[in-house]
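Here's entry-v2.csv, which has CSV, C-alpha atoms:
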```csv
chain,number,residue,atom,x,y,z
A,1,MET,CA,13.6,5.9,-4.9
A,2,LEU,CA,16.5,8.2,-5.6
A,3,ASN,CA,14.8,11.3,-4.5
A,4,ARG,CA,16.4,14.4,-3.0
A,5,ASP,CA,13.6,16.8,-2.4
A,6,GLU,CA,11.9,15.7,0.7
A,7,ASP,CA,13.2,18.0,3.4
A,8,ILE,CA,9.9,19.7,2.9
A,9,LEU,CA,8.5,17.0,5.1
A,10,GLN,CA,10.8,18.2,7.8
A,11,ALA,CA,9.5,21.7,7.2
A,12,ALA,CA,6.0,20.4,7.6
A,13,GLU,CA,6.9,19.0,11.0
A,14,THR,CA,8.6,22.2,12.1
A,15,TRP,CA,5.7,24.4,11.0
A,16,GLN,CA,3.3,22.2,12.9
A,17,LYS,CA,5.4,22.5,16.0
A,18,GLU,CA,5.5,26.3,15.6
A,19,GLY,CA,1.7,26.2,15.8
A,20,HIS,CA,0.9,26.7,12.1
A,21,GLY,CA,-1.9,25.0,10.3
A,22,VAL,CA,-0.2,22.8,7.7
A,23,ALA,CA,-1.4,20.8,4.7
A,24,LEU,CA,0.3,18.3,2.5
A,25,ALA,CA,-0.5,18.0,-1.2
A,26,THR,CA,0.8,14.9,-3.0
A,27,VAL,CA,0.7,13.9,-6.6
A,28,VAL,CA,-1.1,10.5,-6.6
A,29,GLU,CA,-1.7,9.9,-10.3
A,30,THR,CA,-0.4,11.2,-13.5
A,31,TRP,CA,-1.3,10.7,-17.2
A,32,GLY,CA,0.5,12.0,-20.3
A,33,SER,CA,3.5,14.2,-20.0
A,34,ALA,CA,2.9,15.3,-16.4
A,35,PRO,CA,6.0,17.3,-15.1
A,36,ARG,CA,6.3,15.6,-11.6
A,37,PRO,CA,5.9,11.9,-10.8
A,38,ALA,CA,3.5,10.4,-8.3
A,39,GLY,CA,4.8,10.9,-4.8
A,40,SER,CA,5.9,14.5,-5.4
A,41,SER,CA,4.6,16.8,-2.8
A,42,LEU,CA,4.0,20.3,-1.7
A,43,VAL,CA,3.6,21.5,1.9
A,44,ILE,CA,1.6,24.6,2.7
A,45,ASN,CA,1.1,26.5,5.9
A,46,ASP,CA,-1.7,28.9,6.9
A,47,ASP,CA,0.3,31.9,5.9
A,48,GLY,CA,0.2,30.6,2.3
A,49,THR,CA,3.9,29.8,2.5
A,50,PHE,CA,4.7,26.7,0.5
A,51,LEU,CA,7.7,24.4,-0.3
A,52,GLY,CA,8.2,21.7,-2.9
A,53,SER,CA,6.3,21.2,-6.1
A,54,VAL,CA,3.6,19.1,-7.7
A,55,SER,CA,3.8,20.3,-11.2
A,56,GLY,CA,6.9,22.4,-11.7
A,57,GLY,CA,5.0,25.6,-11.2
A,58,CYS,CA,1.9,25.2,-13.4
A,59,VAL,CA,-0.8,24.6,-10.8
A,60,GLU,CA,0.8,25.4,-7.5
A,61,GLY,CA,-1.2,28.6,-7.0
A,62,ALA,CA,-4.5,26.7,-7.3
A,63,VAL,CA,-3.2,23.9,-5.0
A,64,VAL,CA,-2.2,26.4,-2.3
A,65,THR,CA,-5.7,28.0,-2.4
A,66,GLU,CA,-7.4,24.6,-2.0
A,67,ALA,CA,-4.9,23.7,0.7
A,68,LEU,CA,-5.9,26.7,2.8
A,69,ASP,CA,-9.5,25.4,2.6
A,70,VAL,CA,-8.3,21.9,3.7
A,71,ILE,CA,-6.4,23.5,6.7
A,72,ALA,CA,-9.6,25.3,7.7
A,73,SER,CA,-12.0,22.3,7.3
A,74,GLY,CA,-9.7,19.4,8.1
A,75,GLN,CA,-11.3,17.4,5.3
A,76,PRO,CA,-9.0,15.9,2.7
A,77,LYS,CA,-9.6,16.7,-1.0
A,78,MET,CA,-8.7,15.2,-4.3
A,79,LEU,CA,-7.9,17.8,-7.0
A,80,GLU,CA,-7.5,17.0,-10.7
A,81,PHE,CA,-5.8,19.2,-13.3
A,82,GLY,CA,-5.6,18.5,-17.0
A,83,VAL,CA,-6.0,20.1,-20.4
A,84,ALA,CA,-9.6,18.8,-20.6
A,85,ASP,CA,-10.4,20.5,-17.4
A,86,GLU,CA,-11.7,24.0,-17.3
A,87,THR,CA,-9.7,24.8,-14.1
A,88,ALA,CA,-6.6,23.5,-15.8
A,89,TRP,CA,-7.2,25.9,-18.7
A,90,ASN,CA,-7.5,28.7,-16.2
A,91,VAL,CA,-4.4,27.8,-14.2
A,92,GLY,CA,-2.6,26.4,-17.2
A,93,LEU,CA,-1.1,22.9,-17.1
A,94,SER,CA,0.6,23.8,-20.3
A,95,CYS,CA,2.6,20.5,-20.6
A,96,GLY,CA,-0.5,18.6,-21.8
A,97,GLY,CA,-0.6,16.1,-18.9
A,98,THR,CA,-3.2,15.4,-16.3
A,99,ILE,CA,-2.5,15.0,-12.6
A,100,ARG,CA,-4.5,14.2,-9.5
A,101,VAL,CA,-3.3,15.8,-6.3
A,102,PHE,CA,-4.4,14.6,-2.8
A,103,VAL,CA,-4.5,17.4,-0.3
A,104,GLU,CA,-4.7,16.5,3.5
A,105,LYS,CA,-4.3,18.4,6.7
A,106,VAL,CA,-1.2,17.6,8.9
A,107,GLY,CA,-2.0,17.0,12.6
B,1,MET,CA,-1.5,13.0,7.8
B,2,LYS,CA,-1.4,12.6,11.6
B,3,LEU,CA,1.5,14.4,13.3
B,4,GLU,CA,2.6,11.1,14.8
B,5,THR,CA,2.8,9.6,11.3
B,6,LEU,CA,4.8,12.6,9.9
B,7,LYS,CA,7.2,12.4,12.9
B,8,GLU,CA,7.7,8.6,12.3
B,9,LEU,CA,8.2,9.2,8.6
B,10,ASN,CA,10.8,11.9,9.2
B,11,ALA,CA,12.6,9.7,11.7
B,12,GLU,CA,12.8,6.8,9.4
B,13,ARG,CA,14.0,9.0,6.5
B,14,ALA,CA,16.7,10.5,8.7
B,15,ALA,CA,17.9,7.0,9.5
B,16,ARG,CA,18.0,6.1,5.8
B,17,ARG,CA,15.4,3.4,6.3
B,18,PRO,CA,12.8,3.0,3.6
B,19,VAL,CA,9.1,3.5,4.4
B,20,ILE,CA,5.8,3.4,2.5
B,21,VAL,CA,2.8,5.5,3.5
B,22,VAL,CA,-0.4,3.8,2.5
B,23,THR,CA,-3.4,6.2,2.0
B,24,ASP,CA,-7.0,5.5,1.2
B,25,THR,CA,-7.6,8.5,-0.9
B,26,SER,CA,-11.4,8.3,-0.6
B,27,ASN,CA,-11.3,9.1,3.1
B,28,GLY,CA,-7.7,10.0,4.1
B,29,GLU,CA,-7.2,6.9,6.2
B,30,GLN,CA,-3.5,6.3,6.4
B,31,ARG,CA,-0.8,4.0,7.8
B,32,LEU,CA,2.9,3.9,7.6
B,33,VAL,CA,4.7,0.6,6.8
B,34,LYS,CA,8.4,0.3,7.6
B,35,ALA,CA,10.6,-1.8,5.4
B,36,LYS,CA,11.2,-4.4,8.1
B,37,ASP,CA,7.4,-4.9,8.5
B,38,ILE,CA,6.6,-5.4,4.8
B,39,ALA,CA,7.1,-9.2,4.9
B,40,ALA,CA,4.2,-9.6,7.4
B,41,ASP,CA,1.9,-7.0,5.8
B,42,PRO,CA,-1.3,-8.1,4.0
B,43,LEU,CA,-0.1,-5.9,1.0
B,44,ARG,CA,3.4,-7.4,1.0
B,45,ALA,CA,3.4,-8.2,-2.7
B,46,GLU,CA,2.3,-4.7,-3.7
B,47,LEU,CA,4.5,-3.0,-1.2
B,48,SER,CA,7.7,-4.9,-2.0
B,49,LYS,CA,7.2,-4.3,-5.7
B,50,GLN,CA,6.7,-0.6,-5.3
B,51,LEU,CA,9.7,-0.4,-3.0
B,52,ARG,CA,12.0,-2.3,-5.4
B,53,MET,CA,11.0,0.0,-8.2
B,54,GLY,CA,11.4,3.0,-6.0
B,55,LYS,CA,8.1,4.3,-7.3
B,56,SER,CA,4.9,5.5,-5.7
B,57,GLY,CA,1.6,4.3,-7.2
B,58,ASN,CA,-2.0,3.2,-6.8
B,59,VAL,CA,-3.3,-0.3,-6.1
B,60,GLU,CA,-6.9,-1.5,-5.7
B,61,VAL,CA,-7.5,-3.8,-2.9
B,62,GLY,CA,-11.0,-5.1,-1.8
B,63,GLY,CA,-12.7,-2.2,-3.7
B,64,LYS,CA,-10.5,0.4,-2.0
B,65,LYS,CA,-8.2,2.6,-4.0
B,66,LEU,CA,-4.9,2.9,-2.1
B,67,PHE,CA,-2.0,5.2,-2.8
B,68,LEU,CA,1.4,3.8,-1.9
B,69,ASN,CA,3.9,6.6,-1.4
B,70,VAL,CA,7.4,5.2,-1.4
B,71,TYR,CA,10.2,7.0,0.6
B,72,ALA,CA,13.5,5.3,-0.1
B,73,PRO,CA,16.9,6.7,0.8
B,74,THR,CA,19.1,8.2,-1.9
B,75,ALA,CA,21.4,5.4,-3.0
B,76,LYS,CA,25.1,5.9,-2.5
B,77,LEU,CA,28.0,4.6,-4.6
B,78,VAL,CA,31.4,4.3,-2.9
B,79,ILE,CA,34.2,3.7,-5.3
B,80,ILE,CA,37.5,2.4,-4.0
B,81,GLY,CA,40.2,3.4,-6.5
B,82,ALA,CA,40.6,6.7,-8.3
B,83,VAL,CA,41.4,4.9,-11.5
B,84,HIS,CA,40.5,5.4,-15.1
B,85,ILE,CA,37.3,3.3,-14.8
B,86,SER,CA,36.2,5.5,-11.9
B,87,GLN,CA,36.6,8.6,-13.9
B,88,ALA,CA,33.9,7.2,-16.2
B,89,LEU,CA,31.9,5.5,-13.4
B,90,ALA,CA,31.5,8.5,-11.1
B,91,PRO,CA,29.7,10.9,-13.6
B,92,LEU,CA,27.6,8.0,-14.9
B,93,ALA,CA,26.4,7.1,-11.4
B,94,ARG,CA,25.7,10.7,-10.6
B,95,SER,CA,23.5,10.9,-13.7
B,96,LEU,CA,21.5,8.0,-12.2
B,97,ASP,CA,21.1,10.0,-9.0
B,98,TYR,CA,23.6,8.2,-6.8
B,99,ASP,CA,25.6,10.1,-4.2
B,100,VAL,CA,29.1,9.2,-5.3
B,101,THR,CA,32.3,9.2,-3.2
B,102,VAL,CA,35.7,8.1,-4.5
B,103,VAL,CA,38.3,6.8,-2.0
B,104,ASP,CA,42.0,6.3,-2.8
B,105,PRO,CA,45.0,6.9,-0.5
B,106,ARG,CA,47.2,7.5,-3.5
B,107,THR,CA,47.0,11.3,-3.9
B,108,ALA,CA,48.4,11.1,-7.5
B,109,PHE,CA,45.2,9.2,-8.4
B,110,ALA,CA,42.8,11.0,-6.1
B,111,SER,CA,43.3,14.5,-7.5
B,112,PRO,CA,40.5,17.0,-8.2
B,113,GLU,CA,42.0,17.5,-11.7
B,114,ARG,CA,41.1,13.9,-12.5
B,115,PHE,CA,37.7,14.0,-10.6
B,116,PRO,CA,36.2,17.4,-11.0
B,117,ASP,CA,33.1,17.9,-8.8
B,118,VAL,CA,33.3,14.4,-7.2
B,119,PRO,CA,33.8,14.1,-3.4
B,120,LEU,CA,37.3,12.5,-3.0
B,121,VAL,CA,38.8,11.1,0.1
B,122,ALA,CA,42.6,10.6,-0.2
B,123,GLU,CA,42.9,8.3,2.8
B,124,TRP,CA,43.3,4.6,3.6
B,125,PRO,CA,40.0,2.7,3.9
B,126,ASP,CA,40.2,2.4,7.7
B,127,VAL,CA,40.2,6.3,8.0
B,128,ALA,CA,38.1,7.1,4.9
B,129,LEU,CA,35.2,4.7,5.2
B,130,PRO,CA,33.7,5.0,8.8
B,131,PRO,CA,32.6,8.7,8.3
B,132,LEU,CA,30.8,7.8,5.0
B,133,ASN,CA,28.1,6.0,7.0
B,134,ILE,CA,28.0,3.2,4.4
B,135,ASP,CA,24.7,1.2,4.7
B,136,HIS,CA,22.4,-1.2,2.9
B,137,TYR,CA,21.5,1.5,0.4
B,138,THR,CA,25.1,1.7,-0.8
B,139,ALA,CA,26.7,0.1,-3.8
B,140,PHE,CA,30.3,-0.6,-3.1
B,141,VAL,CA,32.9,-1.0,-5.9
B,142,ALA,CA,36.6,-1.9,-5.3
B,143,VAL,CA,38.7,-1.3,-8.4
B,144,THR,CA,42.2,-0.4,-7.3
B,145,HIS,CA,43.6,-3.9,-8.1
B,146,ASP,CA,45.7,-3.4,-5.0
B,147,PRO,CA,44.9,-5.8,-2.2
B,148,LYS,CA,46.3,-3.5,0.5
B,149,ILE,CA,43.5,-1.0,-0.4
B,150,ASP,CA,40.7,-3.2,-1.8
B,151,ASP,CA,40.7,-6.0,0.9
B,152,PRO,CA,40.2,-3.9,4.0
B,153,ALA,CA,37.6,-1.9,2.1
B,154,LEU,CA,35.7,-5.0,1.2
B,155,MET,CA,35.7,-6.2,4.8
B,156,HIS,CA,34.0,-2.9,5.7
B,157,ALA,CA,31.4,-3.4,2.9
B,158,PHE,CA,30.5,-6.8,4.3
B,159,ASP,CA,30.1,-5.4,7.7
B,160,ARG,CA,27.7,-2.7,6.4
B,161,ASP,CA,25.5,-5.1,4.3
B,162,CYS,CA,25.9,-3.0,1.1
B,163,PHE,CA,23.2,-4.0,-1.5
B,164,TYR,CA,25.9,-4.4,-4.1
B,165,ILE,CA,29.5,-5.3,-3.7
B,166,GLY,CA,31.8,-5.6,-6.8
B,167,ALA,CA,35.5,-6.1,-7.2
B,168,LEU,CA,37.7,-5.8,-10.2
B,169,GLY,CA,39.8,-8.8,-11.3
B,170,SER,CA,39.6,-12.1,-13.2
B,171,ARG,CA,38.3,-15.3,-11.8
B,172,LYS,CA,41.8,-16.3,-10.8
B,173,THR,CA,42.5,-13.0,-9.1
B,174,HIS,CA,39.2,-13.3,-7.4
B,175,ALA,CA,40.0,-16.8,-6.1
B,176,LYS,CA,43.1,-15.4,-4.5
B,177,ARG,CA,41.2,-12.5,-3.1
B,178,GLY,CA,38.8,-15.0,-1.5
B,179,GLU,CA,41.7,-16.7,0.3
B,180,ARG,CA,43.0,-13.4,1.6
B,181,LEU,CA,39.6,-12.2,2.8
B,182,ARG,CA,39.0,-15.5,4.6
B,183,ALA,CA,42.3,-15.0,6.4
B,184,LEU,CA,41.0,-11.6,7.5
B,185,GLY,CA,37.9,-13.3,8.9
B,186,ALA,CA,35.4,-13.0,6.1
B,187,LYS,CA,32.7,-15.7,5.9
B,188,ASP,CA,32.1,-17.7,2.7
B,189,SER,CA,28.7,-16.1,2.5
B,190,ASP,CA,30.4,-12.6,2.5
B,191,ILE,CA,32.8,-13.6,-0.3
B,192,ALA,CA,29.9,-15.1,-2.3
B,193,ARG,CA,28.3,-11.6,-2.2
B,194,ILE,CA,31.1,-10.1,-4.3
B,195,HIS,CA,30.3,-9.6,-7.9
B,196,ALA,CA,33.6,-10.6,-9.6
B,197,PRO,CA,34.5,-10.4,-12.4
B,198,ILE,CA,32.8,-7.0,-11.9
B,199,GLY,CA,29.9,-5.8,-14.2
B,200,LEU,CA,27.4,-7.5,-16.5
B,201,ASP,CA,29.0,-9.5,-19.3
B,202,ILE,CA,28.5,-7.1,-22.2
B,203,GLY,CA,32.0,-7.6,-23.7
B,204,ALA,CA,33.1,-4.3,-22.2
B,205,VAL,CA,36.6,-3.2,-23.3
B,206,SER,CA,37.3,0.4,-22.6
B,207,PRO,CA,37.1,2.0,-19.1
B,208,SER,CA,33.9,3.7,-20.1
B,209,GLU,CA,32.3,0.5,-21.3
B,210,ILE,CA,33.3,-1.3,-18.0
B,211,ALA,CA,31.7,1.6,-16.2
B,212,VAL,CA,28.5,0.9,-18.1
B,213,ALA,CA,28.7,-2.8,-17.3
B,214,ILE,CA,29.2,-2.0,-13.6
B,215,MET,CA,26.3,0.4,-13.5
B,216,ALA,CA,24.0,-2.1,-15.3
B,217,GLU,CA,24.9,-4.7,-12.7
B,218,ILE,CA,24.2,-2.4,-9.8
B,219,THR,CA,20.9,-1.4,-11.4
B,220,ALA,CA,19.9,-5.0,-11.8
B,221,GLN,CA,20.7,-5.7,-8.2
B,222,LEU,CA,18.7,-2.7,-7.1
B,223,ARG,CA,15.6,-3.3,-9.2
B,224,LEU,CA,15.2,-7.0,-10.0
B,225,PRO,CA,13.3,-9.3,-7.6
B,226,PRO,CA,15.7,-11.4,-5.5
B,227,LYS,CA,15.0,-14.6,-7.4
B,228,GLU,CA,16.4,-13.3,-10.7
B,229,ASN,CA,19.3,-11.8,-8.7
B,230,SER,CA,20.3,-15.2,-7.2
B,231,LYS,CA,20.2,-16.8,-10.6
B,232,GLU,CA,22.6,-14.2,-11.9
B,233,LYS,CA,24.8,-14.7,-8.8
B,234,GLU,CA,25.1,-18.4,-9.5
B,235,GLU,CA,26.2,-17.7,-13.0
B,236,ALA,CA,28.8,-15.2,-11.8
B,237,ALA,CA,30.1,-17.4,-9.0
```

Write-out of the structure in structure tokens:
Amino acid sequence: MLNRDEDILQAAETWQKEGHGVALATVVETWGSAPRPAGSSLVINDDGTFLGSVSGGCVEGAVVTEALDVIASGQPKMLEFGVADETAWNVGLSCGGTIRVFVEKVG
Amino acid sequence: MKLETLKELNAERAARRPVIVVTDTSNGEQRLVKAKDIAADPLRAELSKQLRMGKSGNVEVGGKKLFLNVYAPTAKLVIIGAVHISQALAPLARSLDYDVTVVDPRTAFASPERFPDVPLVAEWPDVALPPLNIDHYTAFVAVTHDPKIDDPALMHAFDRDCFYIGALGSRKTHAKRGERLRALGAKDSDIARIHAPIGLDIGAVSPSEIAVAIMAEITAQLRLPPKENSKEKEEAA
């Protein structure tokens, strides 16, 4: 793919080496007019600092919150955001698409 | 993702080698497949298809839902010749997300006025090309019409196994070029890799139309399965 946005994976490695808990969130499926394609990812550390994007800003806040849980538990999670979903109404995936985001701990 | 997997992924990406991370999203089980290992992989059909399309996606195998995340290097386009065609080709290629560089030792051609915002190298190919780290994920186009510039550049492209090599000129011009390149040590199989006359046959007339024909041919080479490519190569030969 002709992608340019993946230095975030380098950041994930660096954070991990610095002793942070790190999670990786990746768009694995999209329907409708989702803003970011499958494979787009976000890395989050235990400070709540994040890099990258899974939706162009719509649901990142919710993903970061879930990612902190994943860092704590070590258990991967599948998240789904869409207009039919109450959570999505709350966090606002305003574009009308639906996305599934896989969140996993790094390390 | 295991730290080891992440480290391997980053190392492959830094070396501009494609990789696919296969994840069972039901339990987080994961493995990394390097491009060179795809041919021997049980998922080779799915993996090679996703890689060719440069797209991540899901497959279902044996009741398992797997996510294939494709990490392919950004493709480069190296244009030899800061000519009129290149002025149309460079912005077109950039709109398709290629990293574009234009090389021409003739400073009157390789001027920033003619190529705003495009990296230009006003040097001969022997000086200009080695630092560009040309590799398999590079499309290479020689359009100066000057053998002194195009020929050594093409030799470099053969050496670096560019996925696409094209050169401007009629069939007659190309036959002569073949003789010259052989004299420089090129193999017949190298010369057969050159797309010449350059570009898909769409009846292109203007420099901009020729640029479209070239980008269409590069896209076909990047995206179509090898079988269809070889058919096209035979027709062009």

From B:Pro91, B:Pro131, B:Gly28, B:Gly81, residue lying nearest Phe109 of chain B [all atoms listed in the file] = B:Gly81

task = Could you please give me, as a VMD selection string, the residues of protein, DNA or RNA lying at most 10 Å from (38.7, -9.3, -10.5) in the coordinate frame of the file, considering only C-alpha atoms?
result = chain B and resid 142 to 143 145 166 to 177 194 to 198

Next, write the just-selected residues to a file, as an mmCIF file, in the coordinates of the input, keeping C-alpha atoms as the atom set.
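Now in result.cif:
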```cif
data_model
loop_
_atom_site.group_PDB
_atom_site.id
_atom_site.type_symbol
_atom_site.label_atom_id
_atom_site.label_comp_id
_atom_site.auth_asym_id
_atom_site.auth_seq_id
_atom_site.Cartn_x
_atom_site.Cartn_y
_atom_site.Cartn_z
ATOM 1 C CA ALA B 142 36.600 -1.900 -5.300
ATOM 2 C CA VAL B 143 38.700 -1.300 -8.400
ATOM 3 C CA HIS B 145 43.600 -3.900 -8.100
ATOM 4 C CA GLY B 166 31.800 -5.600 -6.800
ATOM 5 C CA ALA B 167 35.500 -6.100 -7.200
ATOM 6 C CA LEU B 168 37.700 -5.800 -10.200
ATOM 7 C CA GLY B 169 39.800 -8.800 -11.300
ATOM 8 C CA SER B 170 39.600 -12.100 -13.200
ATOM 9 C CA ARG B 171 38.300 -15.300 -11.800
ATOM 10 C CA LYS B 172 41.800 -16.300 -10.800
ATOM 11 C CA THR B 173 42.500 -13.000 -9.100
ATOM 12 C CA HIS B 174 39.200 -13.300 -7.400
ATOM 13 C CA ALA B 175 40.000 -16.800 -6.100
ATOM 14 C CA LYS B 176 43.100 -15.400 -4.500
ATOM 15 C CA ARG B 177 41.200 -12.500 -3.100
ATOM 16 C CA ILE B 194 31.100 -10.100 -4.300
ATOM 17 C CA HIS B 195 30.300 -9.600 -7.900
ATOM 18 C CA ALA B 196 33.600 -10.600 -9.600
ATOM 19 C CA PRO B 197 34.500 -10.400 -12.400
ATOM 20 C CA ILE B 198 32.800 -7.000 -11.900
#
```

Given all atoms listed in the file, how would the per-residue table for segment 12-127 of chain B near segment 58-78 of chain A read, listing every residue at most 12 Å away with its closest atom pair and distance in Å to one decimal, sorted by chain and number, as CSV?
```
residue,atom,partner,partner_atom,distance
B:Thr23,CA,A:Pro76,CA,11.2
B:Asp24,CA,A:Pro76,CA,10.7
B:Thr25,CA,A:Met78,CA,7.6
B:Ser26,CA,A:Met78,CA,8.3
B:Asn27,CA,A:Pro76,CA,7.2
B:Gly28,CA,A:Pro76,CA,6.2
B:Glu29,CA,A:Pro76,CA,9.8
B:Gln30,CA,A:Pro76,CA,11.7
```

Proximal residues of chain A relative to chain B (only C-alpha atoms; 12 Å) as a PyMOL selection string = chain A and resi 1-17+21-30+36-41+43+70-71+74-79+100-107

Since we have the selection now, will you write its residues out, keeping C-alpha atoms, as a CSV table (one decimal), keeping the file's coordinate frame?
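What ended up in selection-v5.csv:
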```
chain,number,residue,atom,x,y,z
A,1,MET,CA,13.6,5.9,-4.9
A,2,LEU,CA,16.5,8.2,-5.6
A,3,ASN,CA,14.8,11.3,-4.5
A,4,ARG,CA,16.4,14.4,-3.0
A,5,ASP,CA,13.6,16.8,-2.4
A,6,GLU,CA,11.9,15.7,0.7
A,7,ASP,CA,13.2,18.0,3.4
A,8,ILE,CA,9.9,19.7,2.9
A,9,LEU,CA,8.5,17.0,5.1
A,10,GLN,CA,10.8,18.2,7.8
A,11,ALA,CA,9.5,21.7,7.2
A,12,ALA,CA,6.0,20.4,7.6
A,13,GLU,CA,6.9,19.0,11.0
A,14,THR,CA,8.6,22.2,12.1
A,15,TRP,CA,5.7,24.4,11.0
A,16,GLN,CA,3.3,22.2,12.9
A,17,LYS,CA,5.4,22.5,16.0
A,21,GLY,CA,-1.9,25.0,10.3
A,22,VAL,CA,-0.2,22.8,7.7
A,23,ALA,CA,-1.4,20.8,4.7
A,24,LEU,CA,0.3,18.3,2.5
A,25,ALA,CA,-0.5,18.0,-1.2
A,26,THR,CA,0.8,14.9,-3.0
A,27,VAL,CA,0.7,13.9,-6.6
A,28,VAL,CA,-1.1,10.5,-6.6
A,29,GLU,CA,-1.7,9.9,-10.3
A,30,THR,CA,-0.4,11.2,-13.5
A,36,ARG,CA,6.3,15.6,-11.6
A,37,PRO,CA,5.9,11.9,-10.8
A,38,ALA,CA,3.5,10.4,-8.3
A,39,GLY,CA,4.8,10.9,-4.8
A,40,SER,CA,5.9,14.5,-5.4
A,41,SER,CA,4.6,16.8,-2.8
A,43,VAL,CA,3.6,21.5,1.9
A,70,VAL,CA,-8.3,21.9,3.7
A,71,ILE,CA,-6.4,23.5,6.7
A,74,GLY,CA,-9.7,19.4,8.1
A,75,GLN,CA,-11.3,17.4,5.3
A,76,PRO,CA,-9.0,15.9,2.7
A,77,LYS,CA,-9.6,16.7,-1.0
A,78,MET,CA,-8.7,15.2,-4.3
A,79,LEU,CA,-7.9,17.8,-7.0
A,100,ARG,CA,-4.5,14.2,-9.5
A,101,VAL,CA,-3.3,15.8,-6.3
A,102,PHE,CA,-4.4,14.6,-2.8
A,103,VAL,CA,-4.5,17.4,-0.3
A,104,GLU,CA,-4.7,16.5,3.5
A,105,LYS,CA,-4.3,18.4,6.7
A,106,VAL,CA,-1.2,17.6,8.9
A,107,GLY,CA,-2.0,17.0,12.6
```

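Picture a line from atom CA of Ala128 of chain B to atom CA of Glu209 of chain B; it runs 27.6 Å.
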